[in-house]
Amino acid sequence: MRIAHAGLAALAAVLLLAGCGAATPTPTQTSGGQPSASPAPAATPEIHLEGSATSNKAYFDLVNERLIAAGGTLDGRAFIDNLVAAGYAINVMEVTSDRTAINGPADNISFSIKINGNCLIGQYGNIGYDSTTGAILETGRCLIGTTRTIDW
């Protein structure tokens, strides 16, 4: 019995010590036995005017996040103008006011684009930036409530 316990203890010690050594990384092998290259970087999102709101969301987010990162004036017009410059049509956009009913600065600005029967909706302000996709409302609009006229 003592020999069996001693043998198990020695085996456990060897296994523990084997785990303490520096591991030598091994390259990932492909099915042909050759090391594989590093994974390709993710493709930069692109506009898909014939696509759905969902297929445009990554590009919409990229365009808006770059505007935010650049700083400067981040009002409704800035977001709309930036989306137009990115390739979206201004006549299918909506934006909420930059001012409250008592003429204070709005906490958040919402903006949207109708695209092929659905909506891309973004919001920026005290919450940071967020976006979603959704169905066009029964009103034919994307945003609920009062929006401002885009007349520039």
# chains A, B, ... in the order shown; residues from 1 in each chain; ligands from 1
>>> residues_around(residues="Phe60 (chain A)", least_positions_apart="2", cutoff="12 Å", atoms="only C-alpha atoms", output="VMD selection string")
chain A and resid 44 to 49 52 to 58 62 to 67 79 to 80 82 to 88 111 to 113 115 119 to 123 129 to 133
>>> residues_around(residues="region 140-147 of chain A", least_positions_apart="6", cutoff="7 Å", atoms="only C-alpha atoms", output="PyMOL selection string")
chain A and resi 94-97+112+114+119
>>> atom_distance(atom1="CA of Leu137 (chain A)", atom2="CA of Gly117 (chain A)")
10.1 Å
>>> atom_distance(atom1="CA of Ile102 (chain A)", atom2="CA of Gly128 (chain A)")
22.8 Å
